[in-house]
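Source file: start30.csv (CSV, C-alpha atoms)
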```csv
chain,number,residue,atom,x,y,z
A,143,MET,CA,-81.3,9.8,72.0
A,144,LYS,CA,-81.3,7.3,69.2
A,145,ILE,CA,-83.1,9.8,66.9
A,146,THR,CA,-80.4,12.5,67.7
A,147,LEU,CA,-77.6,10.0,66.8
A,148,ILE,CA,-79.2,9.0,63.5
A,149,THR,CA,-79.7,12.6,62.6
A,150,GLY,CA,-76.0,13.4,63.3
A,151,ILE,CA,-74.9,10.5,61.1
A,152,VAL,CA,-77.1,11.6,58.2
A,153,LEU,CA,-75.7,15.2,58.5
A,154,LEU,CA,-72.1,13.9,58.5
A,155,ALA,CA,-72.8,11.7,55.5
A,156,GLY,CA,-74.3,14.7,53.6
A,157,LEU,CA,-71.4,16.9,54.4
A,158,ALA,CA,-68.9,14.2,53.2
A,159,THR,CA,-70.8,13.8,50.0
A,160,GLY,CA,-70.8,17.6,49.3
A,161,VAL,CA,-67.0,17.8,49.9
A,162,TRP,CA,-66.4,14.8,47.5
A,163,TYR,CA,-68.5,16.5,44.8
A,164,LYS,CA,-66.7,19.7,45.3
A,165,GLU,CA,-63.2,18.1,45.0
A,166,GLN,CA,-64.3,16.1,42.0
A,167,GLY,CA,-65.4,19.3,40.3
A,168,ARG,CA,-62.0,20.8,41.0
A,169,ASP,CA,-60.2,17.8,39.5
A,170,GLU,CA,-62.4,17.9,36.4
A,171,GLY,CA,-61.8,21.6,36.0
A,172,ALA,CA,-58.1,21.2,36.3
A,173,GLN,CA,-58.2,18.4,33.8
A,174,VAL,CA,-60.1,20.5,31.3
A,175,ARG,CA,-57.6,23.3,31.8
A,176,ARG,CA,-54.7,20.9,31.3
A,177,SER,CA,-56.2,19.4,28.1
A,178,SER,CA,-56.4,22.9,26.6
A,179,THR,CA,-52.5,23.2,26.9
A,180,PRO,CA,-51.0,20.7,24.5
A,181,SER,CA,-47.8,18.9,25.5
A,182,VAL,CA,-45.0,18.8,22.9
A,183,ILE,CA,-41.6,17.3,22.7
A,184,VAL,CA,-38.8,19.8,22.1
A,185,SER,CA,-35.1,19.8,21.3
A,186,THR,CA,-32.3,22.4,21.5
A,187,VAL,CA,-30.7,24.1,18.5
A,188,VAL,CA,-27.0,23.1,18.8
A,189,LEU,CA,-23.8,24.3,17.1
A,190,GLN,CA,-21.7,21.4,15.9
A,191,ASN,CA,-19.6,20.2,13.0
A,192,VAL,CA,-21.7,19.6,9.8
A,193,ARG,CA,-20.5,18.2,6.6
A,194,ARG,CA,-21.6,17.3,3.1
A,195,GLU,CA,-20.8,13.6,2.3
A,196,VAL,CA,-20.9,11.4,-0.7
A,197,GLU,CA,-21.4,7.7,0.0
A,198,ALA,CA,-19.6,5.1,-2.2
A,199,LEU,CA,-18.2,1.6,-2.3
A,200,GLY,CA,-14.5,0.9,-2.6
A,201,THR,CA,-12.0,-1.9,-3.1
A,202,VAL,CA,-8.9,-2.2,-1.0
A,203,LYS,CA,-5.6,-2.6,-2.8
A,204,ALA,CA,-2.0,-3.0,-1.5
A,205,ARG,CA,0.2,0.0,-1.7
A,206,GLU,CA,2.7,-2.2,-3.4
A,207,SER,CA,2.0,-5.6,-4.8
A,208,VAL,CA,4.0,-8.1,-6.8
A,209,VAL,CA,3.9,-11.7,-7.9
A,210,VAL,CA,7.2,-13.3,-7.1
A,211,SER,CA,8.6,-15.5,-9.9
A,212,VAL,CA,12.0,-16.5,-11.4
A,213,LYS,CA,13.8,-15.3,-14.5
A,214,VAL,CA,15.7,-18.5,-15.3
A,215,THR,CA,15.1,-22.2,-15.6
A,216,GLU,CA,16.6,-24.0,-12.6
A,217,LYS,CA,15.8,-26.3,-9.7
A,218,VAL,CA,15.0,-25.1,-6.3
A,219,GLU,CA,17.8,-25.7,-3.8
A,220,GLN,CA,16.2,-24.1,-0.7
A,221,VAL,CA,13.1,-22.2,0.3
A,222,HIS,CA,13.7,-19.6,3.1
A,223,PHE,CA,10.1,-18.4,3.9
A,224,SER,CA,6.8,-19.7,5.2
A,225,ASP,CA,3.2,-18.9,4.3
A,226,GLY,CA,2.1,-15.5,5.4
A,227,GLN,CA,5.5,-14.4,6.6
A,228,GLN,CA,6.3,-10.7,7.1
A,229,VAL,CA,9.6,-9.9,5.3
A,230,LYS,CA,11.8,-6.9,4.8
A,231,ALA,CA,13.3,-5.6,1.6
A,232,GLY,CA,16.2,-7.7,0.5
A,233,ASP,CA,15.3,-10.8,2.5
A,234,LEU,CA,16.3,-14.0,0.8
A,235,LEU,CA,13.2,-16.0,-0.3
A,236,VAL,CA,14.5,-18.8,-2.5
A,237,THR,CA,17.9,-20.2,-3.5
A,238,LEU,CA,18.2,-22.0,-6.9
A,239,ARG,CA,21.1,-24.3,-7.8
A,240,SER,CA,24.0,-22.1,-8.8
A,241,GLY,CA,27.2,-24.2,-9.0
A,242,GLU,CA,27.7,-23.7,-12.7
A,243,GLN,CA,27.1,-20.0,-12.5
A,244,LYS,CA,29.5,-19.6,-9.6
A,245,ALA,CA,32.2,-21.3,-11.7
A,246,LYS,CA,31.5,-19.1,-14.7
A,247,VAL,CA,31.8,-16.0,-12.4
A,248,ARG,CA,35.2,-17.2,-11.1
A,249,ALA,CA,36.5,-17.8,-14.6
A,250,ALA,CA,35.3,-14.4,-15.8
A,251,ARG,CA,36.9,-12.7,-12.9
A,252,ALA,CA,40.2,-14.5,-13.5
A,253,ASN,CA,40.1,-13.5,-17.2
A,254,LEU,CA,39.5,-9.9,-16.3
A,255,LYS,CA,42.5,-9.9,-13.9
A,256,GLU,CA,44.6,-11.5,-16.5
A,257,GLN,CA,43.7,-8.8,-19.1
A,258,GLN,CA,44.4,-6.1,-16.6
A,259,ARG,CA,47.9,-7.5,-15.8
A,260,GLU,CA,48.6,-7.8,-19.5
A,261,TYR,CA,47.6,-4.2,-20.0
A,262,LYS,CA,50.1,-3.0,-17.3
A,263,ARG,CA,52.9,-5.1,-18.9
A,264,ILE,CA,52.2,-3.7,-22.3
A,265,GLU,CA,51.9,-0.2,-20.9
A,266,GLY,CA,55.4,-0.4,-19.5
A,267,LEU,CA,56.8,-1.6,-22.9
A,268,VAL,CA,55.0,1.3,-24.7
A,269,LYS,CA,56.6,3.8,-22.3
A,270,ARG,CA,60.0,2.3,-23.2
A,271,ASN,CA,59.0,2.6,-26.9
A,272,THR,CA,59.5,-1.2,-27.3
A,273,ILE,CA,56.1,-1.7,-28.9
A,274,ALA,CA,53.5,0.5,-30.6
A,275,SER,CA,50.9,2.3,-28.5
A,276,SER,CA,48.1,0.7,-30.6
A,277,GLU,CA,48.6,-2.5,-28.7
A,278,LEU,CA,47.2,-0.7,-25.6
A,279,ASP,CA,44.0,0.1,-27.5
A,280,LYS,CA,43.5,-3.6,-28.3
A,281,LEU,CA,44.0,-4.5,-24.6
A,282,LEU,CA,41.5,-1.9,-23.5
A,283,THR,CA,39.0,-3.5,-25.8
A,284,SER,CA,39.8,-6.9,-24.3
A,285,ILE,CA,39.4,-5.6,-20.8
A,286,ASP,CA,36.0,-4.1,-21.6
A,287,VAL,CA,34.8,-7.4,-23.1
A,288,ALA,CA,36.1,-9.3,-20.0
A,289,ARG,CA,34.2,-6.9,-17.7
A,290,ALA,CA,31.0,-7.4,-19.8
A,291,ILE,CA,31.3,-11.2,-19.6
A,292,LEU,CA,31.8,-11.0,-15.8
A,293,ALA,CA,28.8,-8.8,-15.4
A,294,GLN,CA,26.7,-11.2,-17.5
A,295,ASN,CA,27.7,-14.2,-15.5
A,296,GLN,CA,27.3,-12.3,-12.2
A,297,ALA,CA,23.7,-11.4,-13.2
A,298,GLU,CA,22.9,-15.0,-14.0
A,299,LEU,CA,24.3,-16.0,-10.6
A,300,ASP,CA,22.2,-13.3,-8.8
A,301,ALA,CA,19.1,-14.6,-10.6
A,302,ARG,CA,19.5,-17.8,-8.6
A,303,PHE,CA,18.8,-15.9,-5.4
A,304,ILE,CA,15.3,-14.6,-5.2
A,305,GLN,CA,14.9,-11.6,-2.8
A,306,ALA,CA,12.0,-9.6,-1.5
A,307,PRO,CA,11.9,-6.4,-3.6
A,308,PHE,CA,10.2,-4.4,-0.7
A,309,SER,CA,8.9,-5.0,2.8
A,310,GLY,CA,5.5,-6.6,3.1
A,311,LEU,CA,3.4,-9.7,3.8
A,312,LEU,CA,4.0,-12.9,1.8
A,313,GLY,CA,1.1,-15.1,0.5
A,314,PHE,CA,1.1,-18.9,0.3
A,315,ARG,CA,4.3,-20.7,-0.8
A,316,ARG,CA,3.7,-22.4,-4.1
A,317,ILE,CA,6.9,-24.2,-4.7
A,318,SER,CA,9.0,-26.9,-2.9
A,319,PRO,CA,12.7,-27.8,-2.8
A,320,GLY,CA,13.8,-29.8,-5.9
A,321,ALA,CA,11.1,-28.4,-8.1
A,322,LEU,CA,12.2,-27.2,-11.6
A,323,LEU,CA,11.2,-23.6,-12.1
A,324,THR,CA,10.8,-21.8,-15.4
A,325,PRO,CA,10.2,-18.1,-16.0
A,326,GLY,CA,6.6,-17.1,-15.2
A,327,ILE,CA,6.0,-19.8,-12.5
A,328,VAL,CA,4.6,-18.1,-9.4
A,329,VAL,CA,6.7,-18.6,-6.2
A,330,THR,CA,4.4,-16.5,-3.9
A,331,THR,CA,2.9,-13.1,-3.7
A,332,LEU,CA,4.1,-10.0,-1.8
A,333,ASP,CA,2.0,-7.1,-0.6
A,334,ALA,CA,2.9,-4.0,1.3
A,335,LEU,CA,0.0,-3.4,3.7
A,336,GLU,CA,1.2,-0.8,6.2
A,337,LYS,CA,-0.6,1.7,4.1
A,338,VAL,CA,-3.3,0.5,1.6
A,339,LYS,CA,-5.0,2.1,-1.4
A,340,LEU,CA,-8.8,2.4,-1.7
A,341,ASP,CA,-10.3,2.8,-5.1
A,342,PHE,CA,-13.9,4.0,-5.4
A,343,THR,CA,-16.2,5.7,-8.0
A,344,ILE,CA,-18.4,8.7,-7.5
A,345,PRO,CA,-20.9,10.3,-9.9
A,346,GLU,CA,-19.5,12.8,-12.4
A,347,GLN,CA,-21.6,15.7,-10.9
A,348,PHE,CA,-19.2,15.8,-8.0
A,349,VAL,CA,-16.0,16.1,-10.1
A,350,GLY,CA,-15.9,19.9,-9.7
A,351,GLU,CA,-15.9,19.5,-5.9
A,352,LEU,CA,-13.2,16.8,-5.8
A,353,LYS,CA,-9.8,17.8,-4.5
A,354,LEU,CA,-6.6,16.1,-3.3
A,355,GLY,CA,-6.4,15.8,0.5
A,356,SER,CA,-10.1,15.4,1.1
A,357,SER,CA,-11.0,13.1,4.0
A,358,ILE,CA,-12.8,9.8,3.8
A,359,GLU,CA,-14.2,7.5,6.4
A,360,GLY,CA,-14.7,3.8,5.6
A,361,GLU,CA,-15.9,0.7,7.2
A,362,ALA,CA,-15.3,-3.0,6.4
A,363,ALA,CA,-17.7,-5.8,7.0
A,364,ALA,CA,-15.0,-7.7,8.9
A,365,PHE,CA,-14.6,-4.8,11.4
A,366,PRO,CA,-18.0,-3.2,11.7
A,367,GLN,CA,-17.3,-1.2,14.8
A,368,GLN,CA,-14.0,0.3,13.6
A,369,PRO,CA,-13.8,3.3,11.3
A,370,PHE,CA,-10.9,3.7,8.9
A,371,VAL,CA,-9.8,7.2,8.0
A,372,GLY,CA,-7.9,8.2,4.9
A,373,ILE,CA,-7.2,11.0,2.4
A,374,VAL,CA,-7.7,11.3,-1.3
A,375,THR,CA,-4.4,11.0,-3.1
A,376,ALA,CA,-5.3,10.7,-6.8
A,377,ILE,CA,-8.2,11.4,-9.2
A,378,ASP,CA,-8.6,9.6,-12.5
A,379,SER,CA,-8.1,11.6,-15.6
A,380,ARG,CA,-11.3,10.3,-17.3
A,381,VAL,CA,-15.0,9.8,-16.6
A,382,ASN,CA,-16.4,6.4,-17.6
A,383,PRO,CA,-18.8,7.1,-20.5
A,384,GLN,CA,-20.9,4.1,-19.6
A,385,THR,CA,-21.4,4.7,-15.9
A,386,ARG,CA,-20.8,8.5,-15.9
A,387,ALA,CA,-18.6,8.0,-12.8
A,388,ILE,CA,-15.0,8.8,-12.1
A,389,VAL,CA,-12.5,6.7,-10.1
A,390,VAL,CA,-10.9,8.2,-7.0
A,391,ARG,CA,-8.0,6.8,-5.0
A,392,ALA,CA,-7.5,7.3,-1.3
A,393,GLU,CA,-4.8,6.0,1.1
A,394,ILE,CA,-5.5,4.6,4.5
A,395,GLU,CA,-3.0,3.8,7.3
A,396,ASN,CA,-3.1,0.1,8.2
A,397,PRO,CA,-0.5,-0.5,10.8
A,398,GLN,CA,-2.2,-3.6,12.2
A,399,LEU,CA,-2.6,-5.1,8.7
A,400,LYS,CA,-6.4,-5.5,9.2
A,401,LEU,CA,-7.3,-4.4,5.8
A,402,ARG,CA,-6.4,-6.9,3.0
A,403,PRO,CA,-6.4,-6.5,-0.8
A,404,GLY,CA,-9.8,-7.2,-2.3
A,405,MET,CA,-11.8,-6.2,0.7
A,406,LEU,CA,-15.0,-4.2,0.0
A,407,MET,CA,-15.5,-1.1,2.1
A,408,THR,CA,-18.4,1.3,2.4
A,409,LEU,CA,-17.1,4.9,2.7
A,410,ARG,CA,-18.1,8.5,3.0
A,411,LEU,CA,-16.2,11.1,1.0
A,412,ILE,CA,-16.3,14.4,2.9
A,413,VAL,CA,-16.8,17.1,0.3
A,414,GLU,CA,-17.3,20.0,2.6
A,415,GLN,CA,-17.5,20.5,6.4
A,416,ARG,CA,-18.0,23.5,8.7
A,417,ASN,CA,-19.5,24.4,12.1
A,418,GLY,CA,-23.3,25.0,11.8
A,419,LEU,CA,-26.6,25.0,13.7
A,420,VAL,CA,-28.2,21.6,13.7
A,421,VAL,CA,-31.8,20.4,14.6
A,422,PRO,CA,-33.5,17.1,14.3
A,423,GLU,CA,-34.8,16.7,10.7
A,424,GLU,CA,-38.3,15.8,11.9
A,425,ALA,CA,-38.7,19.3,13.4
A,426,ILE,CA,-38.7,20.9,9.9
A,427,VAL,CA,-42.2,21.6,8.6
A,428,PRO,CA,-42.2,22.0,4.8
A,429,ARG,CA,-44.8,24.2,3.1
A,430,GLN,CA,-44.6,24.4,-0.6
A,431,ARG,CA,-41.0,25.7,-1.3
A,432,ASP,CA,-40.5,27.0,2.2
A,433,SER,CA,-39.4,25.4,5.5
A,434,PHE,CA,-40.5,26.3,9.0
A,435,LEU,CA,-39.6,25.5,12.6
A,436,PHE,CA,-41.9,26.0,15.6
A,437,VAL,CA,-39.8,27.7,18.3
A,438,VAL,CA,-40.9,27.7,22.0
A,439,ASN,CA,-40.1,30.9,23.9
A,440,ASN,CA,-41.5,31.1,27.5
A,441,ASN,CA,-43.8,28.2,26.7
A,442,VAL,CA,-45.3,30.2,23.8
A,443,VAL,CA,-45.1,28.8,20.2
A,444,GLU,CA,-43.6,31.0,17.5
A,445,GLN,CA,-43.4,30.0,13.8
A,446,ARG,CA,-40.1,30.7,12.1
A,447,LYS,CA,-39.2,30.5,8.4
A,448,VAL,CA,-35.7,28.9,8.1
A,449,GLU,CA,-33.2,28.2,5.4
A,450,VAL,CA,-32.0,24.6,5.4
A,451,GLY,CA,-28.4,23.6,4.6
A,452,PHE,CA,-26.7,20.2,4.7
A,453,ARG,CA,-28.8,17.2,5.6
A,454,THR,CA,-27.5,14.0,7.2
A,455,ARG,CA,-29.3,11.0,8.7
A,456,GLY,CA,-31.9,12.4,11.0
A,457,GLU,CA,-30.3,15.9,11.3
A,458,ALA,CA,-30.4,19.1,9.2
A,459,GLU,CA,-28.3,22.3,9.2
A,460,ILE,CA,-30.2,25.6,9.6
A,461,LEU,CA,-28.5,28.5,7.9
A,462,SER,CA,-30.9,31.2,9.1
A,463,GLY,CA,-34.0,31.7,11.2
A,464,VAL,CA,-32.9,30.4,14.7
A,465,VAL,CA,-30.0,30.8,17.1
A,466,GLU,CA,-28.0,28.4,19.2
A,467,GLY,CA,-29.8,27.2,22.4
A,468,GLU,CA,-33.4,27.9,21.3
A,469,LEU,CA,-36.0,25.2,21.9
A,470,ILE,CA,-37.8,23.9,18.8
A,471,ILE,CA,-40.7,21.4,18.6
A,472,THR,CA,-39.8,18.0,17.2
A,473,ARG,CA,-43.1,16.2,17.9
A,474,GLY,CA,-46.5,17.7,18.2
A,475,THR,CA,-46.3,20.4,15.5
A,476,GLN,CA,-49.6,19.3,14.1
A,477,LYS,CA,-51.5,20.3,17.2
A,478,VAL,CA,-50.1,23.7,17.9
A,479,ARG,CA,-50.4,27.2,16.3
A,480,PRO,CA,-48.3,30.4,16.6
A,481,GLY,CA,-49.0,32.2,19.9
A,482,GLN,CA,-50.3,29.2,21.7
A,483,LYS,CA,-49.1,28.1,25.1
A,484,VAL,CA,-47.7,24.6,25.4
A,485,GLU,CA,-46.1,22.3,27.9
A,486,THR,CA,-42.7,21.1,26.9
A,487,ARG,CA,-40.9,17.8,27.4
A,488,PRO,CA,-37.4,16.8,26.4
A,489,ASN,CA,-36.7,14.4,23.5
A,490,GLU,CA,-37.9,11.0,24.1
A,491,ARG,CA,-35.2,8.4,24.4
A,492,PHE,CA,-36.2,4.8,23.9
A,493,SER,CA,-34.2,1.9,25.5
A,494,TYR,CA,-34.6,-1.7,24.7
A,495,GLN,CA,-34.2,-4.4,27.4
A,496,GLU,CA,-33.9,-8.1,26.8
A,497,ALA,CA,-36.9,-10.1,27.7
A,498,SER,CA,-36.4,-12.1,30.8
```
Show how you would write the structure in this file as structure tokens.
Amino acid sequence: MKITLITGIVLLAGLATGVWYKEQGRDEGAQVRRSSTPSVIVSTVVLQNVRREVEALGTVKARESVVVSVKVTEKVEQVHFSDGQQVKAGDLLVTLRSGEQKAKVRAARANLKEQQREYKRIEGLVKRNTIASSELDKLLTSIDVARAILAQNQAELDARFIQAPFSGLLGFRRISPGALLTPGIVVTTLDALEKVKLDFTIPEQFVGELKLGSSIEGEAAAFPQQPFVGIVTAIDSRVNPQTRAIVVRAEIENPQLKLRPGMLMTLRLIVEQRNGLVVPEEAIVPRQRDSFLFVVNNNVVEQRKVEVGFRTRGEAEILSGVVEGELIITRGTQKVRPGQKVETRPNERFSYQEAS
């Protein structure tokens, strides 16, 4: 009985061992077969907007900018603005003492009225042939002189009231009430910033492609996540002979007044744009002067000669050789050959997580 039991156990152990070896052989065979079919990473040919860009650095300037100063020598009577105030065209900024000028204006106005009354009186006498008509000519000359004196005194009076020449943002106030001002002393600065100008230079080889109305996209260090869009409004008439570059001016809408004069901006001038077929740049295989893509059709590799157009960061336009929606190999091209079967995987996407 014991011998029969031992014999059964031995037979079962032998059978289990045989099954294990058989399954192991199957796994190894499948592994060998899998290793003969390389795995590659593929991407799809997509149709999207492509463009040719020129990168440059530019400096922001106000659309209108002026240093506010006075034209006469006089003391400040009152200051009507504060630092960084937004003003409109015609707003009163500074009042200078003007008592003497007001008196001169009143006297000049009274003199003009007197000359006009005298003219009417003499005109009546001339009509009655009491005096010669030449007297009227003399009075007309006196009236013209009186008007000129009034205009001069009025201009001197107006110069005592400093107004904003246009709407904009004021800088720091640099004067105080009671200060004696002379021509040339800076009162403040005024900049119109609702729309700003951006001046930048590009190499002379792009002059033939420049045109008014071209789009630009810019970024400022102060607002790294916000793009600013503008259009080219002017092109300088000369190329700098030292730098071989030309100055281009664009205008950018700035309703929130984020951009300030003097800011440095990195920008891209869009020279040309159109819809085109785009693939990852790493998928292109250069061979001498030609470029190739490995296309996967029904898991079979096909080598295609292609014509490359615009290139941007990480992407390239394909002018001919592939069509929209085809799968092309982006990684693994070095281990495949035309006609070979492959296993495909989509583009790898890496994500970074903060260490806990």
Spatial neighbours of Asp279 (chain A), 12 Å, all atoms listed in the file, chain gap at least 6 places, as a CSV table (one decimal) with C-alpha atoms, in the coordinates of the input:
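The resulting file, selection_14.csv, is shown below:
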```csv
chain,number,residue,atom,x,y,z
A,261,TYR,CA,47.6,-4.2,-20.0
A,264,ILE,CA,52.2,-3.7,-22.3
A,265,GLU,CA,51.9,-0.2,-20.9
A,268,VAL,CA,55.0,1.3,-24.7
A,285,ILE,CA,39.4,-5.6,-20.8
A,286,ASP,CA,36.0,-4.1,-21.6
```
8 Å contact set for region 460-473 of chain A, all atoms listed in the file, chain neighbours under 6 positions out, as a PyMOL selection string: chain A and resi 182-189+418-422+424-426+435-439+446-451+489
Nearest candidate to Val349 (chain A) (options A:Arg386, A:Lys477, A:Lys337, A:Arg263; using only C-alpha atoms):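 Distance minimum relative to Val349 (chain A) lands on A:Arg386.
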Interatomic distance, CA of Val413 (chain A) to CA of Ala458 (chain A) (Å, one decimal):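 It comes out at 16.4 Å.
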Selected residue, from A:Lys255, A:Arg479, A:Arg431, A:Arg391, that lies nearest to Leu354 (chain A) when counting only C-alpha atoms: A:Arg391
Can you build me a table of region 191-213 of chain A residues sitting at most 12 Å from region 224-236 of chain A, with the closest atom pair per residue and its distance in Å to one decimal, using all atoms listed in the file, sorted by chain and residue number, as a Markdown table?
```
| residue | atom | partner | partner_atom | distance |
| --- | --- | --- | --- | --- |
| A:Val210 | CA | A:Leu235 | CA | 9.5 |
| A:Ser211 | CA | A:Val236 | CA | 10.0 |
| A:Val212 | CA | A:Val236 | CA | 9.5 |
```
Could the residues in this selection be written to a file with C-alpha atoms, as a PDB file, in the coordinates of the input?
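Generated file (part_5.pdb):
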```pdb
ATOM      1  CA  VAL A 210       7.200 -13.300  -7.100  1.00  0.00           C
ATOM      2  CA  SER A 211       8.600 -15.500  -9.900  1.00  0.00           C
ATOM      3  CA  VAL A 212      12.000 -16.500 -11.400  1.00  0.00           C
TER       4      VAL A 212
END
```
Using all atoms listed in the file, determine which residues lie at most 12 Å from Gln347 (chain A), disregarding the query and same-chain residues fewer than 5 positions distant; provide the list as number ranges by chain. A: 196, 352, 381, 386-388
Identify, on the basis of only C-alpha atoms, every residue whose closest approach to Ala363 (chain A) does not exceed 12 Å; exclude the query and any residue fewer than 5 positions from it along the same chain; express the result as an MDAnalysis selection string. chainID A and resid 199 368:370 400:401 405:409
If we count all atoms listed in the file and set the cut-off at 10 Å, which residues sit around Leu254 (chain A), ignoring sequence neighbours fewer than 5 positions away in its own chain? Please answer as a list of chain:residue names.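 Listed by chain and then number, they are A:Arg248, A:Ala249, A:Arg259, A:Glu260, A:Ser284, A:Ile285, A:Asp286, A:Val287, A:Ala288, A:Arg289, A:Ala290, A:Ile291, A:Leu292.
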Counting only C-alpha atoms, write as a PyMOL selection string all protein and nucleic acid residues lying at most 9 Å from (16.2, -19.3, 1.3) in the file's frame. chain A and resi 219-223+233-238+303-305
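Counting all atoms listed in the file and comparing A:Gln415, A:Thr385, A:Gln294, A:Thr324, the residue that lies closest to Arg453 (chain A) is A:Gln415.
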In Å, how far is it from CA of Leu282 (chain A) to CA of Lys262 (chain A)?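 Distance reported for this atom pair: 10.7 Å.
Between Ser318 (chain A) and the residues A:Val209, A:Pro366, A:Lys217, A:Pro383, the shortest atom-to-atom distance, using all atoms listed in the file, involves A:Lys217.
Note that the spacing between CA of Glu197 (chain A) and CA of Glu457 (chain A) amounts to 16.6 Å.
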Using all atoms listed in the file: which of A:Leu340, A:Ile317, A:Leu281, A:Leu311 has the shortest distance to Ser207 (chain A):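 Ranked by minimum distance to Ser207 (chain A), first place goes to A:Leu311.
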Which residue out of A:Glu346, A:Glu242, A:Gln367, A:Leu332 has the minimum interatomic distance to Gln384 (chain A) when all atoms listed in the file are used?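 Counting all atoms listed in the file, the residue closest to Gln384 (chain A) is A:Glu346.
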Would you fill the gaps in region 468-484 of chain A so it has N, CA and C atoms, then print it as a compact mmCIF listing (two decimals), keeping the file's coordinate frame?
```txt
# COMPACT_ATOMS: atom_id res chain seq x y z
N GLU A 468 -31.94 27.79 21.29
CA GLU A 468 -33.40 27.90 21.30
C GLU A 468 -34.05 26.55 21.27
N LEU A 469 -35.27 26.49 21.82
CA LEU A 469 -36.00 25.20 21.90
C LEU A 469 -36.95 25.19 20.63
N ILE A 470 -36.92 24.06 19.95
CA ILE A 470 -37.80 23.90 18.80
C ILE A 470 -38.59 22.59 18.99
N ILE A 471 -39.82 22.59 18.46
CA ILE A 471 -40.70 21.40 18.60
C ILE A 471 -40.32 20.36 17.61
N THR A 472 -40.12 19.15 18.11
CA THR A 472 -39.80 18.00 17.20
C THR A 472 -41.00 17.12 17.01
N ARG A 473 -41.87 17.02 18.02
CA ARG A 473 -43.10 16.20 17.90
C ARG A 473 -44.26 16.97 18.52
N GLY A 474 -45.33 16.99 17.76
CA GLY A 474 -46.50 17.70 18.20
C GLY A 474 -46.78 18.97 17.42
N THR A 475 -46.06 19.18 16.33
CA THR A 475 -46.30 20.40 15.50
C THR A 475 -47.65 20.46 14.92
N GLN A 476 -48.28 19.31 14.71
CA GLN A 476 -49.60 19.30 14.10
C GLN A 476 -50.72 19.76 14.99
N LYS A 477 -50.44 19.87 16.28
CA LYS A 477 -51.50 20.30 17.20
C LYS A 477 -51.26 21.61 17.87
N VAL A 478 -50.33 22.40 17.32
CA VAL A 478 -50.10 23.70 17.90
C VAL A 478 -50.22 24.77 16.78
N ARG A 479 -50.33 26.03 17.23
CA ARG A 479 -50.40 27.20 16.30
C ARG A 479 -49.60 28.30 16.91
N PRO A 480 -49.14 29.24 16.08
CA PRO A 480 -48.30 30.40 16.60
C PRO A 480 -49.12 31.13 17.69
N GLY A 481 -48.42 31.49 18.77
CA GLY A 481 -49.00 32.20 19.90
C GLY A 481 -49.62 31.36 20.94
N GLN A 482 -49.71 30.06 20.72
CA GLN A 482 -50.30 29.20 21.70
C GLN A 482 -49.37 28.76 22.78
N LYS A 483 -49.89 28.62 24.01
CA LYS A 483 -49.10 28.10 25.10
C LYS A 483 -49.00 26.62 25.09
N VAL A 484 -47.86 26.07 25.41
CA VAL A 484 -47.70 24.60 25.40
C VAL A 484 -46.88 24.19 26.61
```
